[in-house]
file entry_19.tsv (TSV, C-alpha atoms and all ligand atoms)
chain	number	residue	atom	x	y	z
A	21	MET	CA	0.00	0.00	0.00
A	22	ASN	CA	1.58	3.26	-0.99
A	23	THR	CA	1.28	6.54	0.80
A	24	CYS	CA	-1.28	7.79	-1.70
A	25	LEU	CA	-4.02	5.46	-0.51
A	26	ARG	CA	-2.95	5.89	3.10
A	27	ARG	CA	-3.27	9.63	2.77
A	28	ALA	CA	-6.52	9.39	0.87
A	29	LEU	CA	-8.09	7.05	3.39
A	30	GLN	CA	-6.39	8.73	6.34
A	31	THR	CA	-8.25	7.31	9.22
A	32	GLN	CA	-7.81	4.65	11.84
A	33	ALA	CA	-9.95	1.89	13.23
A	34	PRO	CA	-9.45	-1.16	15.43
A	35	THR	CA	-8.89	-4.43	13.63
A	36	THR	CA	-11.93	-6.51	12.91
A	37	VAL	CA	-11.55	-10.21	12.22
A	38	VAL	CA	-12.98	-11.20	8.84
A	39	GLN	CA	-15.28	-14.17	9.06
A	40	ARG	CA	-14.40	-16.48	6.19
A	41	SER	CA	-17.02	-19.10	6.81
A	42	ILE	CA	-18.21	-20.83	3.66
A	43	ARG	CA	-21.91	-20.18	3.34
A	44	PRO	CA	-23.79	-21.51	0.34
A	45	ILE	CA	-25.11	-18.72	-1.87
A	46	THR	CA	-27.86	-19.94	-4.09
A	47	SER	CA	-29.22	-16.78	-5.67
A	48	SER	CA	-28.76	-13.05	-5.82
A	49	ALA	CA	-31.47	-12.85	-3.18
A	50	ALA	CA	-28.61	-13.81	-0.88
A	51	SER	CA	-27.15	-10.37	-1.44
A	52	PRO	CA	-27.34	-9.06	2.11
A	53	SER	CA	-29.83	-6.24	2.58
A	54	THR	CA	-28.93	-6.11	6.25
A	55	GLU	CA	-25.43	-4.71	5.86
A	56	PRO	CA	-24.85	-1.78	8.21
A	57	GLU	CA	-25.07	1.48	6.30
A	58	PRO	CA	-22.59	4.00	7.65
A	59	GLU	CA	-23.91	7.56	7.53
A	60	VAL	CA	-21.08	8.53	5.17
A	61	MET	CA	-22.50	6.29	2.42
A	62	LYS	CA	-25.46	8.67	2.30
A	63	THR	CA	-23.99	12.02	3.27
A	64	GLY	CA	-20.37	11.93	2.02
A	65	THR	CA	-17.35	13.10	3.96
A	66	GLN	CA	-17.74	16.14	6.15
A	67	GLY	CA	-14.31	17.61	6.81
A	68	LYS	CA	-13.74	15.88	10.13
A	69	ARG	CA	-10.27	14.99	11.36
A	70	ARG	CA	-8.37	12.24	9.55
A	71	ARG	CA	-5.93	9.59	10.73
A	72	PRO	CA	-3.93	7.00	8.80
A	73	LEU	CA	-4.97	3.37	8.45
A	74	THR	CA	-3.29	0.89	10.75
A	75	GLU	CA	-0.59	-1.40	9.34
A	76	GLU	CA	-3.02	-4.28	9.66
A	77	GLN	CA	-5.72	-2.47	7.70
A	78	GLN	CA	-3.23	-1.62	4.97
A	79	ARG	CA	-2.18	-5.26	4.76
A	80	PHE	CA	-5.83	-6.31	4.57
A	81	LEU	CA	-6.53	-3.91	1.71
A	82	ASP	CA	-3.37	-4.89	-0.18
A	83	SER	CA	-4.18	-8.57	-0.12
A	84	ALA	CA	-7.93	-8.11	-0.67
A	85	LEU	CA	-7.40	-5.96	-3.76
A	86	ARG	CA	-4.72	-8.34	-5.07
A	87	VAL	CA	-7.14	-11.26	-4.77
A	88	ASN	CA	-9.92	-9.26	-6.44
A	89	GLN	CA	-7.74	-8.45	-9.44
A	90	ALA	CA	-6.63	-12.09	-9.78
A	91	GLY	CA	-10.22	-13.32	-9.50
A	92	GLU	CA	-11.47	-10.96	-12.16
A	93	LEU	CA	-8.63	-11.96	-14.49
A	94	ALA	CA	-9.66	-15.58	-13.99
A	95	ALA	CA	-13.30	-14.72	-14.71
A	96	VAL	CA	-12.39	-12.97	-17.97
A	97	LEU	CA	-10.29	-15.97	-19.03
A	98	ILE	CA	-12.99	-18.49	-18.12
A	99	TYR	CA	-15.58	-16.72	-20.28
A	100	THR	CA	-13.05	-16.19	-23.08
A	101	ALA	CA	-12.42	-19.94	-23.18
A	102	GLN	CA	-16.07	-20.96	-22.68
A	103	THR	CA	-17.70	-18.68	-25.20
A	104	PRO	CA	-16.63	-20.25	-28.56
A	105	PRO	CA	-17.68	-23.87	-27.78
A	106	ILE	CA	-20.86	-22.80	-25.97
A	107	VAL	CA	-21.99	-20.34	-28.63
A	108	ARG	CA	-21.24	-22.85	-31.39
A	109	SER	CA	-23.54	-25.47	-29.87
A	110	HIS	CA	-26.06	-23.04	-28.31
A	111	PRO	CA	-26.20	-19.84	-30.40
A	112	HIS	CA	-29.04	-18.44	-28.26
A	113	LEU	CA	-26.55	-18.10	-25.36
A	114	ARG	CA	-24.36	-15.63	-27.24
A	115	PRO	CA	-25.94	-12.47	-25.69
A	116	LEU	CA	-25.73	-13.93	-22.16
A	117	MET	CA	-22.09	-15.00	-22.57
A	118	LYS	CA	-21.21	-11.59	-23.97
A	119	HIS	CA	-23.08	-9.81	-21.16
A	120	MET	CA	-21.22	-11.77	-18.46
A	121	TYR	CA	-17.88	-11.39	-20.25
A	122	ASP	CA	-18.37	-7.63	-20.63
A	123	GLN	CA	-19.15	-7.23	-16.92
A	124	GLU	CA	-16.08	-9.30	-15.95
A	125	ALA	CA	-13.90	-7.22	-18.28
A	126	GLY	CA	-15.22	-4.10	-16.51
A	127	HIS	CA	-14.44	-5.57	-13.07
A	128	PHE	CA	-10.93	-6.55	-14.19
A	129	ASP	CA	-10.32	-3.09	-15.59
A	130	TYR	CA	-11.44	-1.46	-12.32
A	131	PHE	CA	-9.12	-3.54	-10.12
A	132	ASN	CA	-6.22	-3.13	-12.56
A	133	LYS	CA	-6.59	0.62	-12.20
A	134	ILE	CA	-6.81	0.40	-8.39
A	135	LEU	CA	-3.68	-1.78	-8.20
A	136	ALA	CA	-1.75	0.56	-10.49
A	137	LYS	CA	-2.92	3.67	-8.67
A	138	HIS	CA	-1.89	2.38	-5.26
A	139	ARG	CA	1.14	0.43	-6.45
A	140	ILE	CA	-0.12	-2.89	-5.12
A	141	ARG	CA	1.64	-5.79	-6.80
A	142	PRO	CA	-0.47	-8.42	-8.57
A	143	THR	CA	-0.19	-11.95	-7.25
A	144	ALA	CA	2.95	-13.84	-8.30
A	145	MET	CA	0.59	-16.69	-9.20
A	146	THR	CA	-0.82	-14.81	-12.21
A	147	PRO	CA	0.77	-17.09	-14.87
A	148	ILE	CA	-0.54	-20.19	-13.06
A	149	TRP	CA	-4.06	-18.74	-12.68
A	150	HIS	CA	-3.94	-17.83	-16.37
A	151	VAL	CA	-3.46	-21.47	-17.39
A	152	ALA	CA	-5.84	-22.85	-14.74
A	153	ALA	CA	-8.72	-20.46	-15.57
A	154	THR	CA	-8.40	-21.05	-19.31
A	155	ALA	CA	-8.34	-24.82	-18.78
A	156	LEU	CA	-11.36	-24.61	-16.46
A	157	GLY	CA	-13.34	-22.52	-18.94
A	158	TRP	CA	-12.49	-24.69	-21.93
A	159	GLY	CA	-12.93	-27.98	-20.06
A	160	THR	CA	-16.37	-27.15	-18.68
A	161	ALA	CA	-17.55	-25.75	-22.02
A	162	VAL	CA	-16.52	-28.96	-23.79
A	163	MET	CA	-18.45	-30.94	-21.16
A	164	GLY	CA	-21.53	-28.99	-22.23
A	165	ARG	CA	-23.77	-26.05	-21.49
A	166	GLU	CA	-24.84	-27.34	-18.08
A	167	ALA	CA	-21.25	-27.90	-16.92
A	168	ALA	CA	-20.24	-24.43	-18.12
A	169	MET	CA	-23.14	-22.96	-16.14
A	170	ALA	CA	-22.25	-25.10	-13.10
A	171	CYS	CA	-18.75	-23.62	-13.33
A	172	THR	CA	-20.22	-20.11	-13.19
A	173	GLU	CA	-22.50	-21.08	-10.31
A	174	ALA	CA	-19.58	-22.52	-8.30
A	175	VAL	CA	-17.19	-19.66	-8.99
A	176	GLU	CA	-19.76	-16.95	-8.27
A	177	THR	CA	-20.84	-18.64	-5.05
A	178	GLU	CA	-17.27	-18.40	-3.75
A	179	ILE	CA	-16.60	-14.96	-5.18
A	180	GLY	CA	-19.90	-13.58	-3.87
A	181	GLU	CA	-18.96	-14.75	-0.39
A	182	HIS	CA	-15.44	-13.36	-0.80
A	183	TYR	CA	-16.77	-9.91	-1.74
A	184	ASN	CA	-19.35	-10.02	1.04
A	185	ALA	CA	-16.59	-10.61	3.59
A	186	GLN	CA	-14.70	-7.60	2.25
A	187	VAL	CA	-17.75	-5.37	2.29
A	188	ARG	CA	-18.56	-6.37	5.87
A	189	GLU	CA	-15.00	-5.62	6.95
A	190	LEU	CA	-14.83	-2.22	5.24
A	191	LEU	CA	-18.26	-1.18	6.51
A	192	ALA	CA	-17.16	-2.10	10.04
A	193	TRP	CA	-14.09	0.15	9.65
A	194	MET	CA	-16.30	2.99	8.44
A	195	LYS	CA	-18.72	2.55	11.30
A	196	ASP	CA	-15.85	2.66	13.79
A	197	MET	CA	-14.50	5.83	12.20
A	198	GLU	CA	-17.90	7.49	12.40
A	199	ASN	CA	-18.28	6.47	16.02
A	200	ARG	CA	-14.97	8.16	16.78
A	201	GLY	CA	-15.98	11.29	14.86
A	202	GLU	CA	-13.32	10.78	12.19
A	203	GLU	CA	-13.57	11.44	8.48
A	204	VAL	CA	-13.95	8.27	6.41
A	205	GLY	CA	-12.66	9.68	3.13
A	206	GLU	CA	-14.21	9.61	-0.32
A	207	GLU	CA	-11.83	6.93	-1.61
A	208	LEU	CA	-12.84	4.29	0.93
A	209	THR	CA	-16.52	5.16	0.46
A	210	GLU	CA	-16.14	4.79	-3.30
A	211	LEU	CA	-14.28	1.48	-2.94
A	212	VAL	CA	-17.08	-0.02	-0.85
A	213	ARG	CA	-19.69	1.25	-3.33
A	214	GLU	CA	-17.80	-0.33	-6.24
A	215	ILE	CA	-17.19	-3.68	-4.52
A	216	ARG	CA	-20.90	-3.88	-3.65
A	217	LYS	CA	-21.85	-3.21	-7.27
A	218	ILE	CA	-19.40	-5.85	-8.52
A	219	ARG	CA	-20.63	-8.31	-5.88
A	220	ASP	CA	-24.21	-7.81	-7.06
A	221	GLU	CA	-23.20	-8.42	-10.68
A	222	GLU	CA	-21.43	-11.66	-9.68
A	223	LEU	CA	-24.57	-12.83	-7.93
A	224	GLU	CA	-26.56	-11.92	-11.03
A	225	HIS	CA	-24.26	-14.25	-13.02
A	226	LEU	CA	-24.97	-16.94	-10.46
A	227	ASP	CA	-28.71	-16.50	-11.08
A	228	HIS	CA	-28.22	-16.69	-14.85
A	229	ALA	CA	-26.24	-19.91	-14.44
A	230	VAL	CA	-28.95	-21.54	-12.32
A	231	GLU	CA	-31.66	-20.37	-14.76
A	232	ASN	CA	-29.65	-22.03	-17.52
A	233	ASP	CA	-29.59	-25.47	-15.94
A	234	ALA	CA	-26.34	-25.40	-13.97
A	235	LYS	CA	-27.86	-27.96	-11.62
A	236	GLU	CA	-28.42	-30.38	-14.52
A	237	ALA	CA	-24.65	-30.75	-14.96
A	238	ASN	CA	-23.33	-34.25	-14.58
A	239	PRO	CA	-21.72	-34.92	-12.15
A	240	TYR	CA	-22.99	-31.70	-10.55
A	241	GLU	CA	-21.84	-32.28	-6.97
A	242	VAL	CA	-18.32	-33.38	-7.86
A	243	LEU	CA	-17.85	-30.63	-10.42
A	244	THR	CA	-19.07	-27.76	-8.25
A	245	ASN	CA	-17.26	-29.00	-5.14
A	246	VAL	CA	-13.96	-29.31	-7.00
A	247	ILE	CA	-14.35	-25.83	-8.55
A	248	ARG	CA	-15.37	-24.24	-5.24
A	249	GLY	CA	-12.42	-25.88	-3.49
A	250	GLY	CA	-10.13	-24.63	-6.24
A	251	CYS	CA	-11.48	-21.08	-5.87
A	252	ARG	CA	-10.95	-21.10	-2.11
A	253	ALA	CA	-7.40	-22.39	-2.55
A	254	ALA	CA	-6.67	-19.76	-5.22
A	255	ILE	CA	-8.01	-16.99	-2.97
A	256	TRP	CA	-5.94	-18.24	-0.03
A	257	VAL	CA	-2.74	-18.42	-2.09
A	258	SER	CA	-3.30	-15.08	-3.83
A	259	GLU	CA	-3.74	-13.34	-0.47
A	260	LYS	CA	-0.24	-14.42	0.46
A	261	VAL	CA	1.94	-14.36	-2.67
B	301	FE	FE	-16.30	-10.26	-11.80
B	302	FE	FE	-18.73	-13.02	-12.38
call {"tool": "encode", "arguments": {"input": "entry_19.tsv", "output": "C-alpha cells"}}
result
Amino acid sequence: MNTCLRRALQTQAPTTVVQRSIRPITSSAASPSTEPEPEVMKTGTQGKRRRPLTEEQQRFLDSALRVNQAGELAAVLIYTAQTPPIVRSHPHLRPLMKHMYDQEAGHFDYFNKILAKHRIRPTAMTPIWHVAATALGWGTAVMGREAAMACTEAVETEIGEHYNAQVRELLAWMKDMENRGEEVGEELTELVREIRKIRDEELEHLDHAVENDAKEANPYEVLTNVIRGGCRAAIWVSEKV
C-alpha cells in the first residue's frame, strides 16, 4: 500500500476479524440487505479529522485488492475460453455469454486501475491462474452447457462470499471511524460502493447460471465441489503471494 491510498483514506480503526465461513449462496437474493449502512454512504465526507490506516488495515486492503484483481482476471479468461464452444452449440446463449464477459472485463479493468494507482503488486501466481482459468473454462464448455453454467454457479458462489466478507469488513471500519468522529474519506466510500456493485453483478451471473440449468450438470456435486475448493485455494494463495 503506498502513501497515496494511506493519505486518501487517512483514518484509523481497530482491527476486525474477517469471518471467512463458507456459506452456500444460491441466488442473488442472498445479497445481504442487512449490511450496516454507515452515515457517510449517504452524506459523504464532512471535513472531520483524519488519521492513517493501521498497518493491519493496509495489509488487509493490499491482499484483498490483489485477490480481487486475480479473481477478475480468472473470470475474464474463463468466459473467453467458454464462449466459442458454448456459442457454437447453443447460439441463443451468445448475448448472455457476452453480457457476463463484458461485466467481468469491466471488473478486471477497475481492479487493474486500483492496483496501479496504489502500487499494489499483482499476485505472483498470475501465470498459473492464467493457465488454470483457461483450462477450467475450456474444459467445462466442452463438457456442455450445463457444466459451463455449473462452473459459473460454483465460482460466483465463492466470489460472492469473498466480496461479502470484504464489504462487511470495510463497513465495520467505516462505522468505527464514524463512532470516533473521524472522516472516512471519499476513496474508501467509493471502494465499498464499487465492490458492492461488482458483488451484485457476480450474484446476477450466479442467477443466470442456475436459470440455464447449472444444476443439470453431470456430475454436478463433484464438479461444483472441485471448482469451489479450487477457488478457495486460489483466494488463499493469492492473499499471500
Ligand atoms: Fe467479476
Ligand atoms: Fe462473475
call {"tool": "residues_near_ligand", "arguments": {"input": "entry_19.tsv", "ligand": "ligand FE 301 (chain B)", "cutoff": "8 Å", "atoms": "all atoms listed in the file", "output": "PDB file with C-alpha atoms, in the frame of the given file"}}
result
ATOM      1  CA  GLY A  91     -10.220 -13.320  -9.500  1.00  0.00           C
ATOM      2  CA  GLU A  92     -11.470 -10.960 -12.160  1.00  0.00           C
ATOM      3  CA  ALA A  95     -13.300 -14.720 -14.710  1.00  0.00           C
ATOM      4  CA  VAL A  96     -12.390 -12.970 -17.970  1.00  0.00           C
ATOM      5  CA  GLN A 123     -19.150  -7.230 -16.920  1.00  0.00           C
ATOM      6  CA  GLU A 124     -16.080  -9.300 -15.950  1.00  0.00           C
ATOM      7  CA  ALA A 125     -13.900  -7.220 -18.280  1.00  0.00           C
ATOM      8  CA  GLY A 126     -15.220  -4.100 -16.510  1.00  0.00           C
ATOM      9  CA  HIS A 127     -14.440  -5.570 -13.070  1.00  0.00           C
ATOM     10  CA  PHE A 128     -10.930  -6.550 -14.190  1.00  0.00           C
ATOM     11  CA  ILE A 218     -19.400  -5.850  -8.520  1.00  0.00           C
ATOM     12  CA  ARG A 219     -20.630  -8.310  -5.880  1.00  0.00           C
ATOM     13  CA  GLU A 221     -23.200  -8.420 -10.680  1.00  0.00           C
ATOM     14  CA  GLU A 222     -21.430 -11.660  -9.680  1.00  0.00           C
TER      15      GLU A 222
END
call {"tool": "atom_distance", "arguments": {"input": "entry_19.tsv", "atom1": "CA of Trp256 in chain A", "atom2": "CA of Glu173 in chain A"}}
result
19.7 Å
call {"tool": "atom_distance", "arguments": {"input": "entry_19.tsv", "atom1": "CA of Glu214 in chain A", "atom2": "CA of Leu85 in chain A"}}
result
12.1 Å
call {"tool": "atom_distance", "arguments": {"input": "entry_19.tsv", "atom1": "CA of Lys260 in chain A", "atom2": "CA of Asp220 in chain A"}}
result
26.0 Å
call {"tool": "residues_near_point", "arguments": {"input": "entry_19.tsv", "point": "(-1.6, -14.9, -2.5)", "cutoff": "9 Å", "atoms": "only C-alpha atoms", "output": "ChimeraX atom specification"}}
result
/A:83,86-87,142-145,254-261
call {"tool": "closest_residue", "arguments": {"input": "entry_19.tsv", "among": "A:Gly180, A:Pro58, A:Pro105, A:Pro111", "to": "ligand FE 302 (chain B)", "atoms": "only C-alpha atoms and all ligand atoms"}}
result
A:Gly180
call {"tool": "residues_around", "arguments": {"input": "entry_19.tsv", "residues": "Gln186 in chain A", "least_positions_apart": "2", "cutoff": "12 Å", "atoms": "all atoms listed in the file", "output": "PyMOL selection string"}}
result
chain A and resi 36-40+55+77+80-85+87-88+179-184+188-193+211-216+218-219
call {"tool": "closest_residue", "arguments": {"input": "entry_19.tsv", "among": "A:Val246, A:Leu93, A:Ala229, A:Leu208", "to": "Trp149 in chain A", "atoms": "only C-alpha atoms"}}
result
A:Leu93
